[in-house]
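Asker: This one is work_2.pdb, PDB, C-alpha atoms.
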ATOM      1  CA  MET B   1     -90.429 -84.216-134.421  1.00  0.00           C
ATOM      2  CA  ALA B   2     -87.521 -84.631-136.818  1.00  0.00           C
ATOM      3  CA  GLU B   3     -86.841 -80.925-136.335  1.00  0.00           C
ATOM      4  CA  LYS B   4     -87.370 -80.392-132.605  1.00  0.00           C
ATOM      5  CA  PRO B   5     -88.240 -82.266-129.393  1.00  0.00           C
ATOM      6  CA  LEU B   6     -91.869 -83.066-128.674  1.00  0.00           C
ATOM      7  CA  GLU B   7     -91.766 -80.990-125.491  1.00  0.00           C
ATOM      8  CA  LYS B   8     -90.979 -77.869-127.550  1.00  0.00           C
ATOM      9  CA  ILE B   9     -93.667 -78.406-130.175  1.00  0.00           C
ATOM     10  CA  SER B  10     -96.828 -76.426-129.570  1.00  0.00           C
ATOM     11  CA  ILE B  11    -100.360 -77.315-130.609  1.00  0.00           C
ATOM     12  CA  GLY B  12    -100.308 -74.120-132.680  1.00  0.00           C
ATOM     13  CA  GLU B  13     -97.291 -75.374-134.640  1.00  0.00           C
ATOM     14  CA  ILE B  14     -98.962 -78.732-135.247  1.00  0.00           C
ATOM     15  CA  CYS B  15    -102.114 -76.999-136.473  1.00  0.00           C
ATOM     16  CA  ALA B  16    -100.136 -74.694-138.755  1.00  0.00           C
ATOM     17  CA  LYS B  17     -98.230 -77.634-140.330  1.00  0.00           C
ATOM     18  CA  CYS B  18    -101.499 -79.523-140.900  1.00  0.00           C
ATOM     19  CA  ASP B  19    -103.538 -76.483-141.936  1.00  0.00           C
ATOM     20  CA  LEU B  20    -106.035 -77.081-139.105  1.00  0.00           C
ATOM     21  CA  ASN B  21    -107.484 -74.812-136.502  1.00  0.00           C
ATOM     22  CA  ARG B  22    -107.038 -75.488-132.789  1.00  0.00           C
ATOM     23  CA  LYS B  23    -110.702 -76.461-132.355  1.00  0.00           C
ATOM     24  CA  SER B  24    -110.315 -79.226-134.920  1.00  0.00           C
ATOM     25  CA  PHE B  25    -107.213 -80.519-133.151  1.00  0.00           C
ATOM     26  CA  TYR B  26    -108.919 -80.566-129.754  1.00  0.00           C
ATOM     27  CA  TYR B  27    -112.012 -82.172-131.232  1.00  0.00           C
ATOM     28  CA  HIS B  28    -109.883 -85.223-132.055  1.00  0.00           C
ATOM     29  CA  PHE B  29    -107.120 -85.158-129.424  1.00  0.00           C
ATOM     30  CA  ARG B  30    -106.799 -84.155-125.790  1.00  0.00           C
ATOM     31  CA  ASP B  31    -103.167 -83.086-126.259  1.00  0.00           C
ATOM     32  CA  LYS B  32    -100.093 -83.662-128.447  1.00  0.00           C
ATOM     33  CA  PHE B  33     -99.256 -86.832-126.535  1.00  0.00           C
ATOM     34  CA  GLU B  34    -102.568 -88.394-127.496  1.00  0.00           C
ATOM     35  CA  LEU B  35    -101.755 -87.507-131.113  1.00  0.00           C
ATOM     36  CA  VAL B  36     -98.439 -89.399-130.902  1.00  0.00           C
ATOM     37  CA  ASN B  37    -100.232 -92.403-129.373  1.00  0.00           C
ATOM     38  CA  TRP B  38    -102.839 -92.277-132.142  1.00  0.00           C
ATOM     39  CA  ILE B  39    -100.089 -92.290-134.777  1.00  0.00           C
ATOM     40  CA  TYR B  40     -98.603 -95.439-133.212  1.00  0.00           C
ATOM     41  CA  ASP B  41    -102.052 -97.048-133.055  1.00  0.00           C
ATOM     42  CA  THR B  42    -102.961 -96.379-136.650  1.00  0.00           C
ATOM     43  CA  GLU B  43     -99.573 -97.212-138.139  1.00  0.00           C
ATOM     44  CA  ILE B  44     -98.643-100.388-136.238  1.00  0.00           C
ATOM     45  CA  ASN B  45    -100.597-101.218-133.092  1.00  0.00           C
ATOM     46  CA  ASP B  46    -103.860-102.053-134.883  1.00  0.00           C
ATOM     47  CA  LYS B  47    -101.896-104.533-137.055  1.00  0.00           C
ATOM     48  CA  VAL B  48    -100.210-106.037-133.994  1.00  0.00           C
ATOM     49  CA  ASN B  49    -103.499-106.489-132.155  1.00  0.00           C
ATOM     50  CA  GLY B  50    -104.983-108.178-135.213  1.00  0.00           C
ATOM     51  CA  CYS B  51    -102.093-110.673-135.268  1.00  0.00           C
ATOM     52  CA  LEU B  52    -101.777-111.474-131.556  1.00  0.00           C
ATOM     53  CA  LYS B  53    -103.621-114.788-131.819  1.00  0.00           C
ATOM     54  CA  THR B  54    -102.229-115.926-135.154  1.00  0.00           C
ATOM     55  CA  MET B  55     -98.577-114.806-135.237  1.00  0.00           C
ATOM     56  CA  SER B  56     -95.692-115.919-133.071  1.00  0.00           C
ATOM     57  CA  THR B  57     -94.392-113.542-130.434  1.00  0.00           C
ATOM     58  CA  LYS B  58     -91.110-113.389-132.327  1.00  0.00           C
ATOM     59  CA  ASP B  59     -92.828-112.300-135.554  1.00  0.00           C
ATOM     60  CA  ILE B  60     -94.880-109.675-133.698  1.00  0.00           C
ATOM     61  CA  ALA B  61     -91.747-108.346-131.970  1.00  0.00           C
ATOM     62  CA  MET B  62     -90.022-108.173-135.353  1.00  0.00           C
ATOM     63  CA  MET B  63     -92.947-106.247-136.845  1.00  0.00           C
ATOM     64  CA  ILE B  64     -92.812-103.687-134.022  1.00  0.00           C
ATOM     65  CA  CYS B  65     -89.019-103.410-134.117  1.00  0.00           C
ATOM     66  CA  GLN B  66     -88.979-102.937-137.888  1.00  0.00           C
ATOM     67  CA  TYR B  67     -91.555-100.150-137.561  1.00  0.00           C
ATOM     68  CA  LEU B  68     -89.667 -98.441-134.719  1.00  0.00           C
ATOM     69  CA  PHE B  69     -86.391 -98.745-136.635  1.00  0.00           C
ATOM     70  CA  GLU B  70     -87.887 -97.120-139.722  1.00  0.00           C
ATOM     71  CA  ASN B  71     -89.335 -94.300-137.593  1.00  0.00           C
ATOM     72  CA  ARG B  72     -86.615 -94.137-134.944  1.00  0.00           C
ATOM     73  CA  THR B  73     -86.100 -90.363-134.884  1.00  0.00           C
ATOM     74  CA  PHE B  74     -89.797 -89.815-134.260  1.00  0.00           C
ATOM     75  CA  TYR B  75     -90.099 -92.489-131.556  1.00  0.00           C
ATOM     76  CA  LEU B  76     -86.848 -91.702-129.810  1.00  0.00           C
ATOM     77  CA  ASN B  77     -88.153 -88.183-129.495  1.00  0.00           C
ATOM     78  CA  ALA B  78     -91.537 -89.479-128.288  1.00  0.00           C
ATOM     79  CA  LEU B  79     -89.898 -91.731-125.676  1.00  0.00           C
ATOM     80  CA  GLU B  80     -87.951 -88.821-124.172  1.00  0.00           C
ATOM     81  CA  VAL B  81     -91.133 -87.574-122.508  1.00  0.00           C
ATOM     82  CA  SER B  82     -92.678 -89.488-119.616  1.00  0.00           C
ATOM     83  CA  GLY B  83     -95.720 -88.839-117.483  1.00  0.00           C
ATOM     84  CA  PRO B  84     -99.478 -88.808-117.993  1.00  0.00           C
ATOM     85  CA  HIS B  85    -100.538 -89.512-121.581  1.00  0.00           C
ATOM     86  CA  SER B  86     -96.910 -89.857-122.739  1.00  0.00           C
ATOM     87  CA  PHE B  87     -95.903 -92.322-125.424  1.00  0.00           C
ATOM     88  CA  HIS B  88     -93.460 -93.854-122.933  1.00  0.00           C
ATOM     89  CA  ASP B  89     -96.312 -95.017-120.678  1.00  0.00           C
ATOM     90  CA  TYR B  90     -98.570 -95.779-123.618  1.00  0.00           C
ATOM     91  CA  PHE B  91     -95.991 -98.010-125.310  1.00  0.00           C
ATOM     92  CA  CYS B  92     -95.488 -99.954-122.065  1.00  0.00           C
ATOM     93  CA  ARG B  93     -99.233-100.664-121.969  1.00  0.00           C
ATOM     94  CA  GLN B  94     -99.277-101.642-125.653  1.00  0.00           C
ATOM     95  CA  ILE B  95     -96.539-104.254-125.346  1.00  0.00           C
ATOM     96  CA  GLN B  96     -98.123-105.845-122.254  1.00  0.00           C
ATOM     97  CA  PRO B  97    -100.357-108.222-124.269  1.00  0.00           C
ATOM     98  CA  ILE B  98     -97.297-109.485-126.151  1.00  0.00           C
ATOM     99  CA  VAL B  99     -95.355-110.022-122.929  1.00  0.00           C
ATOM    100  CA  ASP B 100     -98.404-111.639-121.314  1.00  0.00           C
ATOM    101  CA  LYS B 101     -98.819-113.985-124.291  1.00  0.00           C
ATOM    102  CA  THR B 102     -95.242-115.159-123.873  1.00  0.00           C
ATOM    103  CA  LEU B 103     -95.505-115.571-120.109  1.00  0.00           C
ATOM    104  CA  HIS B 104     -98.797-117.455-120.211  1.00  0.00           C
ATOM    105  CA  ALA B 105     -97.429-119.842-122.835  1.00  0.00           C
ATOM    106  CA  SER B 106     -95.007-121.224-120.254  1.00  0.00           C
ATOM    107  CA  SER B 107     -96.910-120.423-117.100  1.00  0.00           C
ATOM    108  CA  ASP B 108     -95.343-121.278-113.767  1.00  0.00           C
ATOM    109  CA  ASP B 109     -97.874-121.102-110.925  1.00  0.00           C
ATOM    110  CA  SER B 110     -95.213-119.875-108.498  1.00  0.00           C
ATOM    111  CA  LEU B 111     -94.693-116.639-110.458  1.00  0.00           C
ATOM    112  CA  ASP B 112     -96.567-113.375-110.044  1.00  0.00           C
ATOM    113  CA  LEU B 113     -97.203-112.985-113.764  1.00  0.00           C
ATOM    114  CA  GLU B 114     -98.592-109.464-113.479  1.00  0.00           C
ATOM    115  CA  GLU B 115     -95.490-108.176-111.686  1.00  0.00           C
ATOM    116  CA  LEU B 116     -93.178-110.125-113.983  1.00  0.00           C
ATOM    117  CA  SER B 117     -94.988-108.747-117.020  1.00  0.00           C
ATOM    118  CA  ASP B 118     -94.452-105.178-115.799  1.00  0.00           C
ATOM    119  CA  VAL B 119     -90.740-105.777-115.172  1.00  0.00           C
ATOM    120  CA  ILE B 120     -90.241-107.367-118.596  1.00  0.00           C
ATOM    121  CA  GLY B 121     -92.171-104.519-120.253  1.00  0.00           C
ATOM    122  CA  ASP B 122     -89.915-101.952-118.561  1.00  0.00           C
ATOM    123  CA  PHE B 123     -86.831-103.944-119.571  1.00  0.00           C
ATOM    124  CA  CYS B 124     -87.982-104.100-123.206  1.00  0.00           C
ATOM    125  CA  LEU B 125     -88.798-100.394-123.305  1.00  0.00           C
ATOM    126  CA  SER B 126     -85.394 -99.494-121.904  1.00  0.00           C
ATOM    127  CA  ALA B 127     -83.687-101.755-124.448  1.00  0.00           C
ATOM    128  CA  VAL B 128     -85.684-100.259-127.343  1.00  0.00           C
ATOM    129  CA  ARG B 129     -84.861 -96.746-126.217  1.00  0.00           C
ATOM    130  CA  ARG B 130     -81.124 -97.505-126.072  1.00  0.00           C
ATOM    131  CA  TRP B 131     -81.266 -99.291-129.416  1.00  0.00           C
ATOM    132  CA  ILE B 132     -83.035 -96.607-131.453  1.00  0.00           C
ATOM    133  CA  GLY B 133     -81.021 -93.894-129.706  1.00  0.00           C
ATOM    134  CA  HIS B 134     -77.688 -95.374-130.742  1.00  0.00           C
ATOM    135  CA  PRO B 135     -75.951 -93.337-133.479  1.00  0.00           C
ATOM    136  CA  ASN B 136     -75.626 -96.475-135.593  1.00  0.00           C
ATOM    137  CA  PRO B 137     -78.337 -98.865-134.389  1.00  0.00           C
ATOM    138  CA  ALA B 138     -78.265-102.557-135.214  1.00  0.00           C
ATOM    139  CA  THR B 139     -80.851-103.980-137.581  1.00  0.00           C
ATOM    140  CA  PRO B 140     -84.133-105.074-135.986  1.00  0.00           C
ATOM    141  CA  GLU B 141     -83.084-108.709-136.446  1.00  0.00           C
ATOM    142  CA  LYS B 142     -79.755-108.155-134.700  1.00  0.00           C
ATOM    143  CA  PHE B 143     -81.406-106.105-131.937  1.00  0.00           C
ATOM    144  CA  LEU B 144     -83.871-108.918-131.149  1.00  0.00           C
ATOM    145  CA  GLU B 145     -81.064-111.471-131.252  1.00  0.00           C
ATOM    146  CA  ASN B 146     -79.017-109.339-128.828  1.00  0.00           C
ATOM    147  CA  LEU B 147     -82.026-108.752-126.578  1.00  0.00           C
ATOM    148  CA  THR B 148     -82.678-112.494-126.426  1.00  0.00           C
ATOM    149  CA  ASN B 149     -79.039-113.254-125.633  1.00  0.00           C
ATOM    150  CA  VAL B 150     -78.917-110.613-122.893  1.00  0.00           C
ATOM    151  CA  SER B 151     -82.175-111.915-121.410  1.00  0.00           C
ATOM    152  CA  VAL B 152     -80.981-115.522-121.348  1.00  0.00           C
ATOM    153  CA  THR B 153     -77.622-114.536-119.842  1.00  0.00           C
ATOM    154  CA  LEU B 154     -79.287-112.351-117.214  1.00  0.00           C
ATOM    155  CA  CYS B 155     -81.729-115.094-116.234  1.00  0.00           C
ATOM    156  CA  GLY B 156     -78.927-117.651-116.008  1.00  0.00           C
ATOM    157  CA  ARG B 157     -76.849-115.407-113.766  1.00  0.00           C
ATOM    158  CA  MET B 158     -79.802-114.574-111.544  1.00  0.00           C
ATOM    159  CA  LEU B 159     -80.622-118.260-111.179  1.00  0.00           C
ATOM    160  CA  SER B 160     -77.061-119.039-110.146  1.00  0.00           C
ATOM    161  CA  VAL B 161     -77.117-116.261-107.530  1.00  0.00           C
ATOM    162  CA  PHE B 162     -80.550-116.868-106.049  1.00  0.00           C
ATOM    163  CA  LEU B 163     -80.834-120.646-106.213  1.00  0.00           C
TER
END
Could you quickly redo this structure as structure tokens?
Answerer:
Amino acid sequence: MAEKPLEKISIGEICAKCDLNRKSFYYHFRDKFELVNWIYDTEINDKVNGCLKTMSTKDIAMMICQYLFENRTFYLNALEVSGPHSFHDYFCRQIQPIVDKTLHASSDDSLDLEELSDVIGDFCLSAVRRWIGHPNPATPEKFLENLTNVSVTLCGRMLSVFL
């Protein structure tokens, strides 16, 4: 995916690069999108899931951001595709437990946590996409600092408008 967009990569090309036949590919994966999701799972998501109960949300977010930063060309390309089985939708589902952990830590009974979790997940995904797509992206530390500042400012402004 460093050479061409995911949408233009065929299963045949993947098999040729990996010296596999198509049957072997389809034995393991339904399509190329499932392959991308598997790469994310094996390289970072399994580690994140193993740390959910023991690490702070901030440290988990940093781990994910560092990984995405180091592999930004690949994941920017992966995030360009949306729809069934896409990494875009998959990533949203994978960050939900992290968002949920944060929301449940300061639970307010008046909030619809499921809806709020979805909105925050979409917000985070959009921010990540903009960040890794920037020609000169900030460091993961600076990105998370900026994301926090934007979130706090946005919440403050919304409170002043709606309350």
Asker: With only C-alpha atoms as the basis for distance, which of B:Thr57, B:Asn77, B:Gln66, B:Asn37 is at the shortest distance from B:Tyr90?
Answerer: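 Among the listed residues, the smallest separation from B:Tyr90 belongs to B:Asn37.
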Asker: With the PyMOL selection byres ((chain B and resi 81) around 12) as the selection, what would be picked from this file? Answer as a list in words, please.
Answerer: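 After applying the PyMOL selection byres ((chain B and resi 81) around 12), what remains is Pro5, Leu6, Glu7, Lys8, Lys32, Phe33, Val36, Tyr75, Leu76, Asn77, Ala78, Leu79, Glu80, Ser82, Gly83, Pro84, His85, Ser86, Phe87, His88, Asp89, Tyr90, Phe91 and Arg129 of chain B.
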Asker: Mind listing whatever residues come within 12 Å of the point (-91.1, -103.1, -136.7)? Use all atoms listed in the file, file coordinates, and give them as a ChimeraX atom specification.
Answerer: /B:40,43-45,47-48,58-72,75,128,132,139-141,143-144
Asker: Write a file of the just-selected residues containing C-alpha atoms, as a compact mmCIF listing (two decimals), in the frame of the given file.
Answerer:
# COMPACT_ATOMS: atom_id res chain seq x y z
CA TYR B 40 -98.60 -95.44 -133.21
CA GLU B 43 -99.57 -97.21 -138.14
CA ILE B 44 -98.64 -100.39 -136.24
CA ASN B 45 -100.60 -101.22 -133.09
CA LYS B 47 -101.90 -104.53 -137.06
CA VAL B 48 -100.21 -106.04 -133.99
CA LYS B 58 -91.11 -113.39 -132.33
CA ASP B 59 -92.83 -112.30 -135.55
CA ILE B 60 -94.88 -109.68 -133.70
CA ALA B 61 -91.75 -108.35 -131.97
CA MET B 62 -90.02 -108.17 -135.35
CA MET B 63 -92.95 -106.25 -136.84
CA ILE B 64 -92.81 -103.69 -134.02
CA CYS B 65 -89.02 -103.41 -134.12
CA GLN B 66 -88.98 -102.94 -137.89
CA TYR B 67 -91.56 -100.15 -137.56
CA LEU B 68 -89.67 -98.44 -134.72
CA PHE B 69 -86.39 -98.74 -136.64
CA GLU B 70 -87.89 -97.12 -139.72
CA ASN B 71 -89.34 -94.30 -137.59
CA ARG B 72 -86.62 -94.14 -134.94
CA TYR B 75 -90.10 -92.49 -131.56
CA VAL B 128 -85.68 -100.26 -127.34
CA ILE B 132 -83.04 -96.61 -131.45
CA THR B 139 -80.85 -103.98 -137.58
CA PRO B 140 -84.13 -105.07 -135.99
CA GLU B 141 -83.08 -108.71 -136.45
CA PHE B 143 -81.41 -106.10 -131.94
CA LEU B 144 -83.87 -108.92 -131.15
Asker: Go ahead and compute the interatomic distance for atom CA of B:Glu3 and atom CA of B:Thr73, in Å to one decimal.
Answerer: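 For atom CA of B:Glu3 relative to atom CA of B:Thr73, the distance reads 9.6 Å.
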Asker: To one decimal place, how far is atom CA of B:Asn49 from atom CA of B:Leu35 in Å?
Answerer: 19.1 Å
Asker: Could you jot down the atom CA of B:Leu52 to atom CA of B:Ile98 separation for me, Å, one decimal place?
Answerer: 7.3 Å
Asker: Might I get the box with edges along x, y and z of the file that holds all atoms of stretch 37-48 of chain B listed there, padded by 6 Å on every side, given as centre and edge lengths in Å to one decimal, as lines of an AutoDock Vina configuration file?
Answerer:
center_x = -101.2
center_y = -99.2
center_z = -133.8
size_x = 17.3
size_y = 25.8
size_z = 20.8
Asker: Just the residues within 12 Å of B:Glu13, please, counting all atoms listed in the file, with nothing from its chain fewer than 4 positions along; format it as a PyMOL selection string.
Answerer: chain B and resi 1+3-4+6+8-9+17-22+25+32
